[in-house]
Amino acid sequence: MVASNRMIITLFIPCFVDALYPRAGISMVEILEGLGHRVLCPEEIACCGQPAFNSGYYAEARTIALPVLEKLADAEAVVIGSGSCGAMVKKFYPELFAGTRHAALARQVAGRTWEFSDFLVSQLGVTQLGAKFPHKVTFHDGCHGLRELGIHKQPRALLAQVQGLELVEMTEISCCGFGGTFSAKFPMISTAMGEVKCSSAAETGADYIVSSDSSCLMHIQGLLSRQGKPTKTISLAEVLNHK
Amino acid sequence: MNSFVSDFKTRATEKAGDLRHRQVIRTALRGYEIVRDKRKAAFQSWESARQAAAVTKWEAVNHLDTHLKALVAKLEARGTKVHWASNGEQAREIIAQILRDKQARSIIKSKAMTSEEIHLNHALEKEGFTVVESDLGEFIVQLRHEPPYHIVFPSMHLTRGEIKDLFQRELGDAPSDTPEDLTMVARRVMRQKYITADVGFTGANFAIAETGMISITENEGNARLTAALPKTMITLIGIEKVLPRFADLALFLPMLATAGAGQPMTCYNTMYSGPRQPGECDGPEEWHVVLLDNRRTELLADAEQRDALHCIRCGACLNVCPIFRNVGGHTYGTTYSGPVGSVITPHLRGLQEWKHLSKASSLCGACTEACPVKIDLHHHLLQNRRNASAAEPAFFERLAFQIFGIVANEPAFWSLAKKIGWLTQPWQRLVKGSPLDPARAWTKTRDLPPQPRESFKDWWRNRQ
């Protein structure tokens, strides 16, 4: 696939990005349109159903996921603005719908779904987006993107092309402690994990923590703000759309 | 909430906020990943080695009956007495009966997590037997009347200074807090015990079906002394520890050492194939091997999670687990802690009582990535959650997801929910983190992001 082939891309903006981080979603639209593609954002899609799924409520998760699956049925390509929700659709929908009459559809949609940074690099073959971001940053790998989808090189390939950006890696690859409902069910464990993450990020001396996952950044930023730490967080899409 | 859950939550909350504990564990594990990765690089392909190990364990576990029969036939052929124990109680009774028959009084033990699993020491001490742990870490936690903190490093949570103080208090001897001095103190105590013990008790790392051998991995030589000096030797081993072939050890011994401690091989790896044979001048006169089920066969019956029986108890998943590193080993309240403990404990001790361990995870998957035998650990945590919720759904939690489903599936409701969120923000900020705050579980330690007036979907709609 090459960038010059105009595609119709169905962009799935996760519920919390829609409500809390619209700038991340807008950046994704602008980047994809800037590359000459047509972007669709179905109004009816809000949530992938992951919170219910991860809590073990598969029937309730299917209720939330089925309309999403049906809306995505005819999409040429589905791009999801989160590694976590991306993993839900790409990896866990086939499991969630296994043995139901939607099993085949779930597998088809999974095969046409990509996380945003993965889509840019592995499907469109694009890394240079003409972005400028003159700051020292570190990159946080959301665990679902990293381990369920195997995304590691793609965001780094994109960041490497951003003018003025200096990427400093953290010495420890660790979970930020968010984990969806886990953060509310076991707040102290989640907080401790987040503190470890924030220390690792602080050790790099970075001004910004960048991630493909706004949910991780919500957790990290929540701790940084509460503790009065100067490090800032920003989504990868916003960095890539920063001119 | 059962007491296992409330105890777990209380201990987890306390430990997670204990910065000293966090630092001690971080220091203890500092360098582990570096040396482990160095040793992994010595394999031609670590990933292929993992795959080979997983395939071998798959074969062993899926044909467990055949391999166990072969193992037992070979062991018995050389005069070993083999006992089958369906549960902990049976195993304890078998072991106690051997001790009674031998009129034993004192037992020297090398490290065995299976003995922790069946609470052997407690049962034997209650009957008047003296039990001494000979693994240094186990010896230390025994002096503290504590269970092991970690399946491989039992006293990982203690500093040298604390061990020095403990030895001073309990043994009256601790010249300094250097590892050498502390080891010499323990060694002086233990050497006497090896000589006077009536029975030596060991666990086992692997059992080889082909040759009828058990293999013990250690670094201190204490298991060798435990097995060699007393007249009677007892070995307790979980039935899943069987490997089909002797040659499998060529993979599993370096793999266990690498994944567990970042060592190329542990200092001592000994294979035992029977008691003292005619014409031999040393070794125990009698050897009893106790094969323990204790609900392992129930895990075997679960095709989805059967691979949890692949576990070689290397502790790699504990070492990399951010939950374990923050709450510590004792918080779990189980023999097997960390990710593998959270996976198997519900099977060994009851799903509803122990499902909270599967929930206490961000499902980050570091464990699965680290596991040398490729157990699908974090997905098993998810399956435990699914099985627990299906059997006994939590009323309000399910209701919340049902309501959320209605809101998320209807754009008008979703827009309204966002509007309500935006409108109530100023009020939420006023009560932030207080008991009045409905989001307190989050806001007690973390700020909520400000919600902008215009959501992504508002922006999208406006530009169309």
# chains A, B, ... in the order shown; residues from 1 in each chain; ligands from 1
>>> interface_residues(of="chain B", to="chain A", cutoff="6 Å", atoms="only C-alpha atoms", output="number ranges by chain")
B: 13, 16, 362, 364, 385-386, 389, 405, 408, 411, 441-442, 446-448, 451, 455-456
>>> select_by_dssp(residues="region 183-302 of chain B", states="helix (DSSP H, G or I)", output="ChimeraX atom specification")
/B:183-196,222-228,239-241,246-261,296-301
>>> write_last_selection(atoms="N, CA and C atoms", output="CSV table (one decimal), in the first residue's frame")
chain,number,residue,atom,x,y,z
B,183,THR,N,26.9,-15.9,56.1
B,183,THR,CA,26.8,-17.3,55.6
B,183,THR,C,27.6,-18.2,56.5
B,184,MET,N,28.7,-17.8,57.0
B,184,MET,CA,29.5,-18.7,57.9
B,184,MET,C,28.8,-19.0,59.2
B,185,VAL,N,28.0,-18.0,59.7
B,185,VAL,CA,27.2,-18.2,60.9
B,185,VAL,C,26.2,-19.3,60.6
B,186,ALA,N,25.5,-19.2,59.5
B,186,ALA,CA,24.5,-20.1,59.2
B,186,ALA,C,25.1,-21.5,58.9
B,187,ARG,N,26.2,-21.5,58.3
B,187,ARG,CA,26.9,-22.7,58.0
B,187,ARG,C,27.3,-23.5,59.2
B,188,ARG,N,27.8,-22.8,60.2
B,188,ARG,CA,28.2,-23.4,61.5
B,188,ARG,C,27.0,-24.1,62.1
B,189,VAL,N,25.9,-23.4,62.1
B,189,VAL,CA,24.7,-24.0,62.7
B,189,VAL,C,24.2,-25.2,62.0
B,190,MET,N,24.2,-25.0,60.6
B,190,MET,CA,23.6,-26.1,59.8
B,190,MET,C,24.5,-27.3,59.8
B,191,ARG,N,25.8,-27.2,59.7
B,191,ARG,CA,26.6,-28.4,59.6
B,191,ARG,C,26.3,-29.4,60.8
B,192,GLN,N,26.1,-28.8,61.9
B,192,GLN,CA,25.7,-29.7,63.0
B,192,GLN,C,24.4,-30.4,62.8
B,193,LYS,N,23.5,-29.7,62.2
B,193,LYS,CA,22.2,-30.3,61.9
B,193,LYS,C,22.2,-31.4,60.9
B,194,TYR,N,23.1,-31.2,59.9
B,194,TYR,CA,23.2,-32.3,58.9
B,194,TYR,C,23.6,-33.6,59.5
B,195,ILE,N,24.6,-33.5,60.4
B,195,ILE,CA,25.2,-34.7,61.0
B,195,ILE,C,24.2,-35.4,62.0
B,196,THR,N,23.4,-34.5,62.7
B,196,THR,CA,22.6,-35.1,63.7
B,196,THR,C,21.2,-35.5,63.1
B,222,ASN,N,23.5,-27.2,49.9
B,222,ASN,CA,22.8,-27.7,51.1
B,222,ASN,C,21.9,-28.8,50.7
B,223,ALA,N,21.4,-28.9,49.5
B,223,ALA,CA,20.5,-30.0,49.1
B,223,ALA,C,21.3,-31.3,49.0
B,224,ARG,N,22.5,-31.2,48.5
B,224,ARG,CA,23.4,-32.3,48.4
B,224,ARG,C,23.7,-32.9,49.8
B,225,LEU,N,24.0,-32.0,50.8
B,225,LEU,CA,24.2,-32.5,52.1
B,225,LEU,C,23.0,-33.1,52.7
B,226,THR,N,21.8,-32.4,52.5
B,226,THR,CA,20.6,-32.9,53.0
B,226,THR,C,20.3,-34.3,52.5
B,227,ALA,N,20.6,-34.5,51.2
B,227,ALA,CA,20.3,-35.8,50.6
B,227,ALA,C,21.3,-36.9,50.9
B,228,ALA,N,22.5,-36.4,51.2
B,228,ALA,CA,23.6,-37.4,51.4
B,228,ALA,C,23.9,-37.9,52.8
B,239,ILE,N,3.3,-33.5,40.8
B,239,ILE,CA,3.3,-34.4,39.7
B,239,ILE,C,3.6,-33.7,38.3
B,240,GLU,N,3.4,-32.4,38.3
B,240,GLU,CA,3.7,-31.7,37.0
B,240,GLU,C,5.1,-31.5,36.7
B,241,LYS,N,6.0,-31.9,37.6
B,241,LYS,CA,7.4,-31.6,37.4
B,241,LYS,C,8.1,-32.6,36.5
B,246,PHE,N,15.9,-37.6,29.7
B,246,PHE,CA,17.0,-37.1,30.4
B,246,PHE,C,17.6,-35.9,29.6
B,247,ALA,N,17.6,-36.1,28.3
B,247,ALA,CA,18.2,-35.0,27.5
B,247,ALA,C,17.5,-33.7,27.6
B,248,ASP,N,16.3,-33.7,28.1
B,248,ASP,CA,15.5,-32.4,28.2
B,248,ASP,C,16.2,-31.5,29.3
B,249,LEU,N,17.0,-32.1,30.2
B,249,LEU,CA,17.6,-31.3,31.2
B,249,LEU,C,18.7,-30.4,30.5
B,250,ALA,N,19.2,-30.8,29.4
B,250,ALA,CA,20.2,-30.0,28.7
B,250,ALA,C,19.6,-28.6,28.4
B,251,LEU,N,18.3,-28.5,28.2
B,251,LEU,CA,17.6,-27.3,27.9
B,251,LEU,C,17.1,-26.7,29.3
B,252,PHE,N,16.5,-27.5,30.1
B,252,PHE,CA,15.8,-27.0,31.2
B,252,PHE,C,16.7,-26.5,32.3
B,253,LEU,N,17.9,-27.1,32.5
B,253,LEU,CA,18.7,-26.6,33.6
B,253,LEU,C,19.3,-25.2,33.3
B,254,PRO,N,19.9,-25.0,32.1
B,254,PRO,CA,20.3,-23.6,31.9
B,254,PRO,C,19.2,-22.6,31.8
B,255,MET,N,18.0,-23.1,31.3
B,255,MET,CA,16.9,-22.2,31.2
B,255,MET,C,16.4,-21.7,32.5
B,256,LEU,N,16.3,-22.7,33.5
B,256,LEU,CA,15.8,-22.4,34.8
B,256,LEU,C,16.8,-21.4,35.5
B,257,ALA,N,18.1,-21.6,35.3
B,257,ALA,CA,19.1,-20.8,35.9
B,257,ALA,C,19.0,-19.4,35.3
B,258,THR,N,18.9,-19.3,34.0
B,258,THR,CA,18.9,-18.0,33.3
B,258,THR,C,17.6,-17.2,33.7
B,259,ALA,N,16.5,-17.8,33.6
B,259,ALA,CA,15.2,-17.1,33.8
B,259,ALA,C,15.1,-16.8,35.3
B,260,GLY,N,15.6,-17.7,36.1
B,260,GLY,CA,15.4,-17.5,37.6
B,260,GLY,C,16.3,-16.5,38.2
B,261,ALA,N,17.6,-16.6,37.8
B,261,ALA,CA,18.6,-15.8,38.5
B,261,ALA,C,19.6,-15.1,37.6
B,296,ARG,N,-3.7,-30.4,41.2
B,296,ARG,CA,-3.1,-30.2,39.9
B,296,ARG,C,-3.9,-30.9,38.8
B,297,THR,N,-4.5,-32.0,39.1
B,297,THR,CA,-5.2,-32.7,38.1
B,297,THR,C,-6.5,-31.9,37.7
B,298,GLU,N,-7.0,-31.0,38.6
B,298,GLU,CA,-8.1,-30.1,38.2
B,298,GLU,C,-7.6,-29.1,37.2
B,299,LEU,N,-6.4,-28.6,37.4
B,299,LEU,CA,-5.9,-27.7,36.4
B,299,LEU,C,-5.6,-28.4,35.1
B,300,LEU,N,-5.2,-29.7,35.2
B,300,LEU,CA,-4.9,-30.5,34.0
B,300,LEU,C,-6.2,-30.6,33.2
B,301,ALA,N,-7.4,-30.7,33.9
B,301,ALA,CA,-8.6,-30.9,33.3
B,301,ALA,C,-9.1,-29.6,32.5
>>> residues_around(residues="Gln263 (chain B)", least_positions_apart="4", cutoff="12 Å", atoms="only C-alpha atoms", output="list in words")
Gly31, Tyr32, Glu33, Ile34, Val35, Arg36, Asp37, Lys38, Arg39, Lys40, Ala41, Ala42, Thr217, Glu218, Asn219, Leu253, Pro254, Met255, Leu256, Ala257, Thr258, Ala259, Cys267, Tyr268 and Cys314 of chain B
>>> residues_around(residues="Gly238 (chain B)", least_positions_apart="4", cutoff="9 Å", atoms="only C-alpha atoms", output="JSON, numbers by chain")
{"B": [114, 203, 204, 242, 290, 291, 292, 293, 294, 296]}
>>> write_last_selection(atoms="C-alpha atoms", output="PDB file, in the first residue's frame")
ATOM      1  CA  THR B 114       5.622 -28.011  47.690  1.00  0.00           C
ATOM      2  CA  GLY B 203      11.880 -30.915  46.977  1.00  0.00           C
ATOM      3  CA  ALA B 204      12.720 -31.394  43.327  1.00  0.00           C
ATOM      4  CA  VAL B 242       7.966 -34.596  35.164  1.00  0.00           C
ATOM      5  CA  VAL B 290       5.992 -38.513  47.528  1.00  0.00           C
ATOM      6  CA  LEU B 291       4.124 -37.487  44.379  1.00  0.00           C
ATOM      7  CA  LEU B 292       1.689 -34.685  45.128  1.00  0.00           C
ATOM      8  CA  ASP B 293      -1.479 -33.909  43.214  1.00  0.00           C
ATOM      9  CA  ASN B 294      -3.253 -31.380  45.472  1.00  0.00           C
ATOM     10  CA  ARG B 296      -3.061 -30.191  39.947  1.00  0.00           C
TER      11      ARG B 296
END
>>> closest_residue(among="A:Arg38, A:Ala103, A:Gln123, A:Glu115", to="Met88 (chain A)", atoms="only C-alpha atoms")
A:Glu115
>>> select_by_dssp(residues="region 52-244 of chain B", states="strand (DSSP E)", output="number ranges by chain")
B: 81-85, 106-109, 130-133, 199-202, 206-208, 213-218, 232-238, 242-243
>>> write_last_selection(atoms="N, CA and C atoms", output="compact mmCIF listing (two decimals), in the first residue's frame")
# COMPACT_ATOMS: atom_id res chain seq x y z
N LYS B 81 10.98 -46.01 47.40
CA LYS B 81 9.57 -46.21 47.76
C LYS B 81 8.78 -45.00 47.28
N VAL B 82 7.80 -45.23 46.45
CA VAL B 82 7.02 -44.13 45.88
C VAL B 82 5.64 -44.09 46.53
N HIS B 83 5.22 -42.89 46.89
CA HIS B 83 3.91 -42.69 47.52
C HIS B 83 3.12 -41.69 46.68
N TRP B 84 1.84 -41.91 46.59
CA TRP B 84 0.96 -40.97 45.87
C TRP B 84 0.10 -40.23 46.89
N ALA B 85 0.11 -38.92 46.79
CA ALA B 85 -0.72 -38.13 47.71
C ALA B 85 -1.70 -37.28 46.90
N SER B 106 14.67 -35.41 64.33
CA SER B 106 15.02 -34.15 63.65
C SER B 106 15.13 -34.35 62.14
N ILE B 107 14.69 -33.30 61.43
CA ILE B 107 14.66 -33.34 59.97
C ILE B 107 15.41 -32.13 59.44
N ILE B 108 16.30 -32.39 58.51
CA ILE B 108 16.94 -31.27 57.81
C ILE B 108 16.30 -31.19 56.43
N LYS B 109 15.99 -29.94 56.02
CA LYS B 109 15.24 -29.76 54.78
C LYS B 109 15.99 -28.89 53.80
N THR B 130 11.62 -31.84 65.04
CA THR B 130 12.37 -30.60 64.83
C THR B 130 12.69 -30.50 63.34
N VAL B 131 12.34 -29.36 62.74
CA VAL B 131 12.57 -29.18 61.31
C VAL B 131 13.49 -27.98 61.11
N VAL B 132 14.58 -28.18 60.37
CA VAL B 132 15.49 -27.07 60.10
C VAL B 132 15.65 -26.90 58.60
N GLU B 133 15.42 -25.68 58.16
CA GLU B 133 15.61 -25.36 56.74
C GLU B 133 17.10 -25.13 56.49
N VAL B 199 16.50 -37.55 59.27
CA VAL B 199 15.91 -37.62 57.93
C VAL B 199 16.26 -36.34 57.16
N GLY B 200 16.58 -36.53 55.89
CA GLY B 200 16.79 -35.38 55.01
C GLY B 200 15.58 -35.25 54.09
N PHE B 201 15.08 -34.03 53.99
CA PHE B 201 13.88 -33.81 53.18
C PHE B 201 14.21 -32.85 52.04
N THR B 202 13.82 -33.19 50.83
CA THR B 202 14.07 -32.29 49.69
C THR B 202 12.82 -32.10 48.85
N PHE B 206 12.94 -31.20 38.75
CA PHE B 206 12.44 -31.98 37.61
C PHE B 206 12.46 -33.44 37.99
N ALA B 207 11.57 -34.22 37.36
CA ALA B 207 11.60 -35.67 37.50
C ALA B 207 11.68 -36.23 36.08
N ILE B 208 12.63 -37.12 35.84
CA ILE B 208 12.86 -37.62 34.48
C ILE B 208 12.21 -38.99 34.33
N MET B 213 14.72 -40.45 37.46
CA MET B 213 15.60 -39.61 38.27
C MET B 213 14.87 -38.35 38.71
N ILE B 214 15.28 -37.82 39.84
CA ILE B 214 14.84 -36.47 40.13
C ILE B 214 16.06 -35.56 40.11
N SER B 215 15.81 -34.34 39.68
CA SER B 215 16.90 -33.40 39.52
C SER B 215 16.68 -32.23 40.48
N ILE B 216 17.73 -31.91 41.23
CA ILE B 216 17.63 -30.80 42.18
C ILE B 216 18.65 -29.73 41.81
N THR B 217 18.16 -28.53 41.72
CA THR B 217 18.96 -27.37 41.33
C THR B 217 19.19 -26.50 42.56
N GLU B 218 20.41 -26.10 42.80
CA GLU B 218 20.70 -25.27 43.97
C GLU B 218 22.02 -24.54 43.79
N THR B 232 17.82 -41.55 56.01
CA THR B 232 16.58 -41.61 55.24
C THR B 232 16.38 -40.30 54.49
N MET B 233 15.96 -40.43 53.27
CA MET B 233 15.70 -39.23 52.45
C MET B 233 14.25 -39.28 51.99
N ILE B 234 13.59 -38.12 52.10
CA ILE B 234 12.21 -38.00 51.60
C ILE B 234 12.18 -36.86 50.59
N THR B 235 11.55 -37.10 49.46
CA THR B 235 11.42 -36.05 48.45
C THR B 235 9.94 -35.85 48.13
N LEU B 236 9.52 -34.60 48.21
CA LEU B 236 8.13 -34.27 47.87
C LEU B 236 8.14 -33.51 46.55
N ILE B 237 7.33 -33.99 45.62
CA ILE B 237 7.37 -33.39 44.29
C ILE B 237 5.97 -33.31 43.69
N GLY B 238 5.65 -32.17 43.11
CA GLY B 238 4.37 -32.02 42.40
C GLY B 238 4.40 -32.88 41.14
N VAL B 242 7.37 -33.54 35.97
CA VAL B 242 7.97 -34.60 35.16
C VAL B 242 8.39 -34.08 33.78
N LEU B 243 9.56 -34.53 33.34
CA LEU B 243 10.03 -34.27 31.97
C LEU B 243 10.21 -35.63 31.31
>>> residues_around(residues="Gly36 (chain A)", least_positions_apart="2", cutoff="12 Å", atoms="only C-alpha atoms", output="ChimeraX atom specification")
/A:2-9,29-34,38-39,124
>>> atom_distance(atom1="CA of Gly161 (chain B)", atom2="CA of Pro175 (chain B)")
11.4 Å
